[in-house]
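target_18.txt (compact mmCIF, C-alpha atoms)
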```
# COMPACT_ATOMS: atom_id res chain seq x y z
CA MET Y 206 -79.57 -3.07 -14.88
CA ILE Y 207 -76.64 -5.53 -14.76
CA SER Y 208 -74.24 -5.05 -17.68
CA ILE Y 209 -72.72 -8.25 -19.08
CA ILE Y 210 -70.16 -9.26 -21.68
CA ILE Y 211 -70.25 -12.81 -23.05
CA ALA Y 212 -66.94 -14.36 -24.12
CA ASP Y 213 -67.61 -17.46 -26.22
CA ASP Y 214 -66.18 -18.40 -29.59
CA HIS Y 215 -69.50 -19.88 -30.71
CA LYS Y 216 -71.50 -16.86 -31.80
CA MET Y 217 -74.81 -18.72 -32.00
CA VAL Y 218 -74.38 -19.95 -28.41
CA ALA Y 219 -73.59 -16.41 -27.28
CA GLN Y 220 -76.62 -14.99 -29.10
CA ALA Y 221 -78.93 -17.61 -27.53
CA LEU Y 222 -77.46 -16.84 -24.11
CA LYS Y 223 -78.03 -13.12 -24.72
CA GLN Y 224 -81.73 -13.78 -25.33
CA VAL Y 225 -82.00 -15.80 -22.11
CA ILE Y 226 -80.28 -13.09 -20.06
CA GLU Y 227 -82.28 -10.19 -21.46
CA ALA Y 228 -85.66 -11.94 -21.20
CA LYS Y 229 -86.27 -10.66 -17.65
CA ASP Y 230 -85.17 -7.04 -18.22
CA THR Y 231 -82.80 -7.12 -15.23
CA ALA Y 232 -79.58 -7.46 -17.24
CA GLU Y 233 -78.20 -6.24 -20.55
CA VAL Y 234 -75.56 -7.88 -22.73
CA THR Y 235 -73.36 -5.01 -23.84
CA GLY Y 236 -70.93 -7.08 -25.89
CA ILE Y 237 -70.04 -10.49 -27.30
CA ALA Y 238 -66.36 -11.43 -27.53
CA LEU Y 239 -65.17 -14.33 -29.67
CA THR Y 240 -61.59 -14.36 -28.33
CA ILE Y 241 -59.83 -13.62 -25.04
CA ALA Y 242 -58.08 -10.65 -26.60
CA ASP Y 243 -61.43 -9.26 -27.72
CA ALA Y 244 -62.88 -9.85 -24.25
CA ALA Y 245 -59.99 -8.00 -22.61
CA GLY Y 246 -60.44 -5.07 -24.99
CA GLN Y 247 -64.17 -4.86 -24.35
CA LEU Y 248 -63.67 -5.16 -20.59
CA GLU Y 249 -61.21 -2.27 -20.60
CA GLU Y 250 -63.55 -0.12 -22.69
CA LYS Y 251 -66.97 -0.95 -21.20
CA LYS Y 252 -66.19 -1.97 -17.58
CA PRO Y 253 -69.24 -4.27 -17.31
CA ASP Y 254 -70.58 -5.64 -14.05
CA LEU Y 255 -70.08 -9.22 -15.14
CA LEU Y 256 -68.23 -11.40 -17.67
CA LEU Y 257 -69.55 -14.81 -18.74
CA LEU Y 258 -66.43 -16.65 -19.88
CA ASP Y 259 -65.93 -19.93 -21.71
CA ILE Y 260 -62.74 -21.87 -21.00
CA ALA Y 261 -61.91 -23.14 -24.49
CA MET Y 262 -61.21 -20.01 -26.52
CA PRO Y 263 -59.36 -19.80 -29.88
CA ASP Y 264 -56.48 -17.78 -28.42
CA GLY Y 265 -56.05 -19.49 -25.07
CA ASP Y 266 -57.43 -20.99 -21.89
CA GLY Y 267 -60.06 -18.87 -20.15
CA ILE Y 268 -58.86 -19.81 -16.67
CA GLU Y 269 -55.24 -19.01 -17.48
CA ALA Y 270 -56.40 -15.68 -18.91
CA LEU Y 271 -58.13 -14.60 -15.69
CA PRO Y 272 -55.28 -12.32 -14.49
CA LYS Y 273 -55.25 -10.51 -17.85
CA LEU Y 274 -59.02 -10.13 -17.84
CA ARG Y 275 -59.10 -8.87 -14.25
CA LYS Y 276 -56.41 -6.35 -15.05
CA ALA Y 277 -58.59 -5.01 -17.88
CA SER Y 278 -61.51 -4.39 -15.47
CA GLN Y 279 -60.81 -5.06 -11.80
CA ASP Y 280 -64.40 -4.66 -10.59
CA THR Y 281 -65.97 -6.99 -13.15
CA LYS Y 282 -67.21 -10.28 -11.68
CA ILE Y 283 -66.40 -13.40 -13.71
CA ILE Y 284 -68.56 -16.50 -14.16
CA ILE Y 285 -67.16 -19.47 -16.05
CA LEU Y 286 -69.79 -20.95 -18.39
CA THR Y 287 -68.41 -24.04 -20.06
CA MET Y 288 -68.99 -27.58 -21.25
CA TYR Y 289 -66.07 -28.84 -19.11
CA SER Y 290 -67.37 -30.94 -16.22
CA GLU Y 291 -64.10 -32.58 -15.14
CA ALA Y 292 -63.44 -32.18 -11.41
CA GLU Y 293 -59.86 -31.05 -11.99
CA VAL Y 294 -60.96 -28.24 -14.30
CA ILE Y 295 -63.67 -27.09 -11.90
CA GLN Y 296 -61.25 -27.06 -8.97
CA ARG Y 297 -58.68 -25.14 -11.01
CA ALA Y 298 -61.27 -22.49 -11.79
CA ILE Y 299 -62.42 -22.24 -8.17
CA LYS Y 300 -58.84 -21.94 -6.92
CA SER Y 301 -58.24 -19.19 -9.48
CA GLY Y 302 -60.91 -17.16 -7.72
CA VAL Y 303 -63.75 -17.08 -10.24
CA ASP Y 304 -67.01 -15.71 -8.90
CA GLY Y 305 -69.10 -18.47 -10.43
CA TYR Y 306 -68.97 -21.72 -12.39
CA LEU Y 307 -71.83 -22.95 -14.59
CA MET Y 308 -72.20 -25.80 -17.01
CA LYS Y 309 -73.52 -25.02 -20.50
CA ASP Y 310 -76.40 -27.42 -19.96
CA SER Y 311 -77.65 -25.25 -17.07
CA ASP Y 312 -81.24 -24.15 -17.52
CA ALA Y 313 -82.25 -20.50 -17.87
CA GLU Y 314 -83.38 -20.29 -14.25
CA GLU Y 315 -79.98 -21.33 -12.91
CA ILE Y 316 -78.09 -18.99 -15.25
CA LEU Y 317 -80.22 -16.04 -14.14
CA ALA Y 318 -79.88 -17.06 -10.48
CA ALA Y 319 -76.09 -17.22 -10.80
CA ILE Y 320 -76.00 -13.77 -12.40
CA GLU Y 321 -78.14 -12.36 -9.60
CA HIS Y 322 -76.03 -13.88 -6.83
CA VAL Y 323 -72.69 -12.94 -8.33
CA SER Y 324 -73.83 -9.38 -9.09
CA LYS Y 325 -74.55 -9.03 -5.35
CA GLY Y 326 -70.99 -10.03 -4.49
CA GLU Y 327 -71.79 -13.65 -3.72
CA LYS Y 328 -70.21 -16.79 -5.19
CA TYR Y 329 -72.22 -19.25 -7.24
CA ILE Y 330 -70.91 -22.71 -8.11
CA SER Y 331 -73.59 -24.86 -9.73
CA PRO Y 332 -74.55 -27.90 -7.64
CA ALA Y 333 -73.47 -30.20 -10.49
CA ALA Y 334 -70.02 -28.60 -10.64
CA ALA Y 335 -69.67 -28.43 -6.85
CA SER Y 336 -70.46 -32.12 -6.40
CA LYS Y 337 -67.95 -33.14 -9.09
CA ALA Y 338 -65.21 -31.03 -7.52
CA ALA Y 339 -66.02 -32.41 -4.08
CA ALA Y 340 -65.74 -35.96 -5.42
CA LEU Y 341 -62.06 -35.29 -6.19
CA THR Y 342 -61.18 -33.71 -2.87
CA GLU Y 343 -63.64 -32.17 -0.48
CA THR Y 344 -63.47 -28.44 -0.99
CA ILE Y 345 -64.60 -25.84 1.51
CA PRO Y 346 -67.40 -23.80 -0.05
CA GLN Y 347 -67.10 -20.04 -0.08
CA LEU Y 348 -69.95 -18.49 1.90
CA THR Y 349 -71.03 -14.90 2.23
CA PRO Y 350 -71.15 -13.34 5.74
CA ARG Y 351 -74.95 -13.52 5.69
CA GLU Y 352 -74.91 -17.17 4.63
CA ARG Y 353 -72.59 -17.93 7.55
CA GLU Y 354 -74.98 -16.17 9.94
CA VAL Y 355 -77.92 -18.21 8.67
CA LEU Y 356 -75.89 -21.44 8.76
CA LYS Y 357 -74.73 -20.78 12.34
CA LEU Y 358 -78.31 -20.36 13.54
CA ILE Y 359 -79.42 -23.54 11.75
CA VAL Y 360 -76.53 -25.48 13.31
CA GLU Y 361 -77.69 -24.13 16.69
CA GLY Y 362 -81.04 -25.76 16.03
CA LYS Y 363 -83.13 -22.76 15.03
CA SER Y 364 -85.83 -23.07 12.40
CA SER Y 365 -85.92 -20.82 9.33
CA ARG Y 366 -88.69 -18.78 10.97
CA GLU Y 367 -86.67 -18.36 14.18
CA ALA Y 368 -83.54 -17.44 12.20
CA ALA Y 369 -85.53 -14.83 10.30
CA LYS Y 370 -86.55 -13.15 13.57
CA VAL Y 371 -82.98 -13.14 14.92
CA LEU Y 372 -81.58 -11.64 11.71
CA TYR Y 373 -84.51 -9.27 11.08
CA LEU Y 374 -85.08 -10.85 7.69
CA GLY Y 375 -88.19 -12.10 5.94
CA PHE Y 376 -89.05 -15.78 6.29
CA GLU Y 377 -88.89 -16.34 2.52
CA THR Y 378 -85.49 -14.63 2.39
CA VAL Y 379 -84.08 -17.05 4.97
CA ARG Y 380 -85.67 -19.97 3.11
CA SER Y 381 -83.83 -18.83 -0.03
CA TYR Y 382 -80.55 -18.67 1.89
CA THR Y 383 -81.03 -22.20 3.23
CA LYS Y 384 -81.84 -23.45 -0.27
CA TYR Y 385 -78.59 -22.05 -1.68
CA LEU Y 386 -76.65 -23.23 1.36
CA ARG Y 387 -77.83 -26.78 0.63
CA GLN Y 388 -76.73 -26.35 -2.98
CA LYS Y 389 -73.32 -24.97 -2.03
CA LEU Y 390 -72.76 -27.74 0.52
CA GLY Y 391 -74.07 -30.40 -1.86
CA VAL Y 392 -76.60 -31.78 0.63
CA LYS Y 393 -80.32 -32.52 0.38
CA ASN Y 394 -81.65 -31.64 3.83
CA THR Y 395 -81.02 -29.72 7.05
CA ALA Y 396 -79.43 -32.68 8.82
CA GLY Y 397 -76.86 -33.04 6.05
CA MET Y 398 -76.21 -29.30 6.09
CA VAL Y 399 -75.57 -29.28 9.84
CA GLU Y 400 -73.28 -32.32 9.65
CA LYS Y 401 -71.20 -30.90 6.82
CA ALA Y 402 -71.01 -27.41 8.36
CA ILE Y 403 -69.58 -28.87 11.55
CA ARG Y 404 -67.21 -31.25 9.73
CA LEU Y 405 -65.79 -28.47 7.54
CA HIS Y 406 -65.63 -25.98 10.45
CA LEU Y 407 -67.83 -23.49 8.61
CA VAL Y 408 -69.32 -22.16 11.84
```

I need this file expressed as structure tokens, please.
Amino acid sequence: MISIIIADDHKMVAQALKQVIEAKDTAEVTGIALTIADAAGQLEEKKPDLLLLDIAMPDGDGIEALPKLRKASQDTKIIILTMYSEAEVIQRAIKSGVDGYLMKDSDAEEILAAIEHVSKGEKYISPAAASKAAALTETIPQLTPREREVLKLIVEGKSSREAAKVLYLGFETVRSYTKYLRQKLGVKNTAGMVEKAIRLHLV
């Protein structure tokens, strides 16, 4: 069970988010914080697996508060969940080392997917946020070691089924990796993925 604290100054939004998260019985919201100070206190006390953090908080900027929040619980992963879609804000968050970035208009499926990926130690930047940040200056996506292995095999011309055999993974597992690789790279197909991987020296 993934333990989560939600930091959002809109209590109704936080409560609705709590219902979405707990609907699948894989995660539990152990606290709702309405300020950064409250979030830091709860992090220090509860040491949750994950913090969902809004940027605009009554007592400060969520991104600027990241060092304070990490100090309160070093092992807690942090996903920004915000209404801010400006490329500069997204890039600032990514450069600050957040584990994920979601827009508040994300559907339940994407929120749950982000929680799952980040809880496994992976990064998750929503495709909408990633494309906006890339429009400002092309950023190099952060890939997990396994994602790099899958990407390398695809660049070498192997199919998902062939890559699965090489990596001793299930076919559907590799298909999931390629899906999220396309999202992270902001491309629609394998050809675009290969071109961008080579251009950004990802393999």

**OP:** Name the closest residue to Ile207 of chain Y among the candidates Y:Val323, Y:Leu271, Y:Ile330, Y:Val303; distances are taken between atoms, counting only C-alpha atoms.
**Re:** Y:Val323

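Each of Y:Lys389, Y:Lys328, Y:Lys223, Y:Lys276 was checked against Lys252 of chain Y using only C-alpha atoms; the smallest atom-to-atom distance is that of Y:Lys276.
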
Subject >> Of the listed residues Y:Gly326, Y:Pro332, Y:Gly302, Y:Pro272, that which approaches Gly391 of chain Y most closely, counting all atoms listed in the file >> reply: Y:Pro332

Original post:
Of the residues Y:Ala334, Y:Val399, Y:Val379, Y:Leu390, which is the one nearest to Lys357 of chain Y, using only C-alpha atoms?
Top reply: Y:Val399

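Here the question is which of Y:Gly397, Y:Gly265, Y:Gly305, Y:Gly236 gets nearest to Ile210 of chain Y using all atoms listed in the file, and that residue is Y:Gly236.
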
**OP:** For Leu386 of chain Y, please output as a PyMOL selection string all residues within 10 Å (counting only C-alpha atoms; exclusion window: fewer than 5 positions along the same chain).
**Re:** chain Y and resi 346+348+352-353+355-356+380-381+391-392+395+398+402

Original post:
Closest to His215 of chain Y among Y:Ile316, Y:Leu307, Y:Ile299, Y:Ala238, using all atoms listed in the file?
Top reply: Y:Ala238

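Taking atom CA of Thr383 of chain Y and atom CA of Val408 of chain Y as the two end points, the separation is 14.5 Å.
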
Original post:
Counting all atoms listed in the file, what is within 10 Å of Leu248 of chain Y, bar same-chain residues fewer than 3 positions away, as JSON, numbers by chain?
Top reply: {"Y": [209, 210, 236, 238, 242, 243, 244, 245, 251, 252, 253, 254, 255, 256, 274, 275, 276, 277, 278, 279, 281]}

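Going from atom CA of Met288 of chain Y to atom CA of Ser336 of chain Y covers 15.6 Å.
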
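Going from atom CA of Ile285 of chain Y to atom CA of Ser331 of chain Y covers 10.5 Å.
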
Residue contacts of Gln220 of chain Y (12 Å, only C-alpha atoms) excluding same-chain residues fewer than 2 positions away, as a short mmCIF file (atom, residue, chain, number, x, y, z; two decimals) with C-alpha atoms, in the frame of the given file:
```cif
data_model
loop_
_atom_site.label_atom_id
_atom_site.label_comp_id
_atom_site.auth_asym_id
_atom_site.auth_seq_id
_atom_site.Cartn_x
_atom_site.Cartn_y
_atom_site.Cartn_z
CA ILE Y 210 -70.16 -9.26 -21.68
CA ILE Y 211 -70.25 -12.81 -23.05
CA ALA Y 212 -66.94 -14.36 -24.12
CA ASP Y 213 -67.61 -17.46 -26.22
CA ASP Y 214 -66.18 -18.40 -29.59
CA HIS Y 215 -69.50 -19.88 -30.71
CA LYS Y 216 -71.50 -16.86 -31.80
CA MET Y 217 -74.81 -18.72 -32.00
CA VAL Y 218 -74.38 -19.95 -28.41
CA LEU Y 222 -77.46 -16.84 -24.11
CA LYS Y 223 -78.03 -13.12 -24.72
CA GLN Y 224 -81.73 -13.78 -25.33
CA VAL Y 225 -82.00 -15.80 -22.11
CA ILE Y 226 -80.28 -13.09 -20.06
CA GLU Y 227 -82.28 -10.19 -21.46
CA VAL Y 234 -75.56 -7.88 -22.73
CA THR Y 235 -73.36 -5.01 -23.84
CA GLY Y 236 -70.93 -7.08 -25.89
CA ILE Y 237 -70.04 -10.49 -27.30
CA ALA Y 238 -66.36 -11.43 -27.53
CA LEU Y 239 -65.17 -14.33 -29.67
#
```

Please, what is the axis-aligned box for every listed atom of segment 301-319 of chain Y with 8 Å on each side, as centre and edge lengths in Å to one decimal, as AutoDock Vina command-line options?
```
--center_x -70.8 --center_y -21.6 --center_z -14.1 --size_x 41.1 --size_y 27.7 --size_z 28.8
```
